[in-house]
Each structure stands twice: as C-alpha cells, then as structure tokens.
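The block underneath contains the structure these notes are about, expressed in structure tokens.
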Amino acid sequence: MLRLSKLTDYATVILSFMAKDKPQVHAAMEIAGVTGIALPTVSKILKLLVNANVLTSTRGAKGGYALARLPEEISIAMVISALEGPIALTECSISQQGCEQASGCDIRGSWNLINQTIHNALESVTLADLIRPAAVPEEVFIPVSSLYQ
C-alpha cells in the first residue's frame, strides 16, 4: 500500500489554507490556529516547504510565510517530494545500490516506469485543484424495474 506520512497530509492542509488567500503572508501561529495543527509541527512543515521552494519566508514583525508561486504552479508531486523525498515505490528505483535480489532481478527497470507514471499523475494535480470546489454529480434516476433484469 502506498501511504503518505501525516506530515504530508498536514502540508496539504496548510497549503490549501494558504492558497485560498494567495498573496497574503501568514504567521506560523496563525496557520496553527486556523488548521488545528500543533505549532511545532506547522513550523517543521513550513521549514521543509521553504527549503523546497514551495513557500517563501519573511522575517520581522510583519513576516511570515507565503506561496512561492501561484497555486496552479504548485503540483502535489512537489509537495510530496518536499516532505517525503523522491517519489518511488521501491528502494532500488531511487538508489543506485542493488538490493539482495539485484543479481536475479529482471524488473528493476519496470519499477522506474511505474514510479514515473505515478510521478506524472501527481505532477498533473495542483494545489489549485485541491481548493477547487468538488463538482457535485447530477442526480441520476434509475427505474426500479431495470434493477431486476
């Protein structure tokens, strides 16, 4: 199962909050209060996102954090990479060192294809997509008689 850490989950919550108010600078304390995420955790995530150039930081009394680019330009792949490191399902697909099974493994290259496909999919989803209201499907009526055929 592919599972992201809580920090990555929290990062999407923080970035979604910030993206709804694009040009504004937000203090870590404000972000913690609005999102309900503990301040030390918020601070850690903000630092990682600044290091990955997803956010910018400004020091001083009116300082804080802001998106480094438009929400349409921040992919979910960028966020995951900032918190988790390279997107890969297996260790051998990001490491040049072979595992114990390397000598008999014929599918190592296939994992690279799988990882690239997943990366491309995550690259195609942006922060703007996350904050866009979900489309509510139209109500569909199915005649009861058709269920018994």
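Scheme for the structure tokens: letters A, B, ... for chains in order shown; per-chain residue numbers from 1; ligand numbers from 1 in order shown.
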His26 in chain A: which residues within 7 Å, counting only C-alpha atoms, same-chain residues fewer than 5 positions away excluded, as a PyMOL selection string?
-> chain A and resi 31+64-66
Once DSSP has gone over the backbone, tell me which residues of range 7-85 of chain A are in helix (DSSP H, G or I), as a PyMOL selection string.
-> chain A and resi 7-19+28-35+39-51+71-73+76-84
Can you write just those residues out, N, CA and C atoms, as a CSV table (one decimal), in the first residue's frame?
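Printed below is selection.csv as written:
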```
chain,number,residue,atom,x,y,z
A,7,LEU,N,2.8,14.2,8.1
A,7,LEU,CA,3.3,15.5,7.8
A,7,LEU,C,2.9,15.9,6.4
A,8,THR,N,2.9,15.0,5.4
A,8,THR,CA,2.5,15.4,4.1
A,8,THR,C,1.0,15.7,4.0
A,9,ASP,N,0.2,14.9,4.8
A,9,ASP,CA,-1.2,15.2,4.9
A,9,ASP,C,-1.4,16.6,5.4
A,10,TYR,N,-0.7,16.9,6.5
A,10,TYR,CA,-0.8,18.3,7.2
A,10,TYR,C,-0.3,19.3,6.2
A,11,ALA,N,0.7,19.1,5.4
A,11,ALA,CA,1.2,20.1,4.5
A,11,ALA,C,0.2,20.4,3.5
A,12,THR,N,-0.6,19.5,3.0
A,12,THR,CA,-1.7,19.8,2.0
A,12,THR,C,-2.7,20.7,2.7
A,13,VAL,N,-3.0,20.4,4.0
A,13,VAL,CA,-4.0,21.2,4.7
A,13,VAL,C,-3.5,22.7,4.8
A,14,ILE,N,-2.2,22.8,5.2
A,14,ILE,CA,-1.6,24.1,5.4
A,14,ILE,C,-1.6,24.9,4.0
A,15,LEU,N,-1.1,24.2,3.0
A,15,LEU,CA,-1.0,24.8,1.7
A,15,LEU,C,-2.4,25.2,1.1
A,16,SER,N,-3.4,24.4,1.4
A,16,SER,CA,-4.8,24.7,0.9
A,16,SER,C,-5.3,25.9,1.6
A,17,PHE,N,-5.0,26.1,2.9
A,17,PHE,CA,-5.4,27.3,3.6
A,17,PHE,C,-4.7,28.5,3.0
A,18,MET,N,-3.4,28.4,2.8
A,18,MET,CA,-2.7,29.5,2.2
A,18,MET,C,-3.1,29.8,0.8
A,19,ALA,N,-3.4,28.8,0.0
A,19,ALA,CA,-3.8,29.0,-1.4
A,19,ALA,C,-5.1,29.8,-1.6
A,28,ALA,N,3.2,31.5,11.4
A,28,ALA,CA,3.1,30.1,11.8
A,28,ALA,C,2.0,29.9,12.8
A,29,MET,N,2.0,30.8,13.8
A,29,MET,CA,1.0,30.8,14.8
A,29,MET,C,-0.4,30.9,14.3
A,30,GLU,N,-0.6,31.7,13.3
A,30,GLU,CA,-1.9,31.9,12.7
A,30,GLU,C,-2.3,30.6,12.0
A,31,ILE,N,-1.4,30.0,11.2
A,31,ILE,CA,-1.7,28.8,10.5
A,31,ILE,C,-2.0,27.7,11.4
A,32,ALA,N,-1.3,27.6,12.5
A,32,ALA,CA,-1.6,26.5,13.5
A,32,ALA,C,-3.0,26.7,14.1
A,33,GLY,N,-3.4,28.0,14.4
A,33,GLY,CA,-4.7,28.2,15.0
A,33,GLY,C,-5.8,27.9,14.0
A,34,VAL,N,-5.6,28.3,12.7
A,34,VAL,CA,-6.7,28.1,11.7
A,34,VAL,C,-6.8,26.6,11.4
A,35,THR,N,-5.7,25.9,11.3
A,35,THR,CA,-5.7,24.5,10.8
A,35,THR,C,-5.9,23.5,11.9
A,39,LEU,N,1.7,23.9,16.7
A,39,LEU,CA,2.6,24.9,16.2
A,39,LEU,C,4.0,24.2,15.9
A,40,PRO,N,4.6,23.4,16.7
A,40,PRO,CA,5.9,22.8,16.3
A,40,PRO,C,5.8,22.0,15.0
A,41,THR,N,4.7,21.3,14.8
A,41,THR,CA,4.5,20.6,13.6
A,41,THR,C,4.4,21.5,12.4
A,42,VAL,N,3.6,22.6,12.5
A,42,VAL,CA,3.4,23.6,11.5
A,42,VAL,C,4.8,24.2,11.2
A,43,SER,N,5.6,24.5,12.2
A,43,SER,CA,6.9,25.1,11.9
A,43,SER,C,7.8,24.2,11.2
A,44,LYS,N,7.8,22.9,11.5
A,44,LYS,CA,8.6,21.9,10.8
A,44,LYS,C,8.2,21.8,9.4
A,45,ILE,N,6.9,21.8,9.1
A,45,ILE,CA,6.4,21.6,7.7
A,45,ILE,C,6.8,22.9,6.9
A,46,LEU,N,6.6,24.1,7.5
A,46,LEU,CA,6.9,25.3,6.8
A,46,LEU,C,8.3,25.4,6.4
A,47,LYS,N,9.2,25.0,7.3
A,47,LYS,CA,10.6,25.0,7.0
A,47,LYS,C,11.0,24.0,5.8
A,48,LEU,N,10.4,22.8,5.8
A,48,LEU,CA,10.6,21.9,4.7
A,48,LEU,C,10.1,22.5,3.4
A,49,LEU,N,8.9,23.2,3.4
A,49,LEU,CA,8.3,23.7,2.2
A,49,LEU,C,9.1,24.9,1.7
A,50,VAL,N,9.7,25.7,2.6
A,50,VAL,CA,10.6,26.8,2.2
A,50,VAL,C,11.9,26.2,1.6
A,51,ASN,N,12.5,25.2,2.2
A,51,ASN,CA,13.7,24.6,1.6
A,51,ASN,C,13.4,24.0,0.2
A,71,PRO,N,-1.0,28.9,-7.0
A,71,PRO,CA,-1.4,27.5,-6.7
A,71,PRO,C,-1.5,26.6,-7.9
A,72,GLU,N,-1.7,27.2,-9.1
A,72,GLU,CA,-1.8,26.4,-10.3
A,72,GLU,C,-0.4,25.9,-10.7
A,73,GLU,N,0.7,26.5,-10.1
A,73,GLU,CA,2.0,26.1,-10.4
A,73,GLU,C,2.7,25.2,-9.4
A,76,ILE,N,1.2,18.6,-6.6
A,76,ILE,CA,1.2,17.7,-5.5
A,76,ILE,C,2.5,16.9,-5.4
A,77,ALA,N,3.0,16.6,-6.6
A,77,ALA,CA,4.3,15.9,-6.6
A,77,ALA,C,5.4,16.8,-5.9
A,78,MET,N,5.4,18.1,-6.1
A,78,MET,CA,6.3,19.0,-5.4
A,78,MET,C,6.2,18.9,-3.9
A,79,VAL,N,4.9,18.9,-3.4
A,79,VAL,CA,4.6,18.8,-2.0
A,79,VAL,C,5.1,17.5,-1.4
A,80,ILE,N,4.8,16.4,-2.1
A,80,ILE,CA,5.2,15.1,-1.6
A,80,ILE,C,6.7,15.0,-1.6
A,81,SER,N,7.4,15.4,-2.6
A,81,SER,CA,8.8,15.4,-2.7
A,81,SER,C,9.5,16.2,-1.5
A,82,ALA,N,8.9,17.3,-1.2
A,82,ALA,CA,9.4,18.2,-0.2
A,82,ALA,C,9.3,17.5,1.2
A,83,LEU,N,8.3,16.7,1.4
A,83,LEU,CA,8.1,16.1,2.7
A,83,LEU,C,8.6,14.7,2.8
A,84,GLU,N,8.5,14.0,1.7
A,84,GLU,CA,8.8,12.5,1.7
A,84,GLU,C,10.2,12.2,1.0
```
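Reported to one decimal place, the separation of CA of Ala68 in chain A from CA of Ala52 in chain A is 9.9 Å.
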Backbone DSSP call of strand (DSSP E) for range 2-141 of chain A, listed as a PyMOL selection string = chain A and resi 55-58+64-67
May I have the selected residues written with C-alpha atoms, as a JSON list (two decimals), in the first residue's frame?
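The resulting file, out_38.json, is reproduced below:
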```json
[["chain", "number", "residue", "atom", "x", "y", "z"],
["A", 55, "LEU", "CA", 6.96, 28.70, 0.17],
["A", 56, "THR", "CA", 8.89, 31.87, 0.84],
["A", 57, "SER", "CA", 9.57, 33.23, 4.30],
["A", 58, "THR", "CA", 9.99, 36.79, 5.50],
["A", 64, "GLY", "CA", 5.63, 35.03, 7.83],
["A", 65, "TYR", "CA", 5.14, 32.57, 5.00],
["A", 66, "ALA", "CA", 3.62, 32.88, 1.54],
["A", 67, "LEU", "CA", 3.29, 30.68, -1.52]]
```
Nearest-residue call for Gly60 in chain A, choices A:Ala134, A:Ala27, A:His119, A:Lys6, using only C-alpha atoms |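 Once distances to Gly60 in chain A are computed over only C-alpha atoms, the minimum belongs to A:Ala27.
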A straight line from CA of Ile87 in chain A to CA of Asn120 in chain A spans 10.3 Å
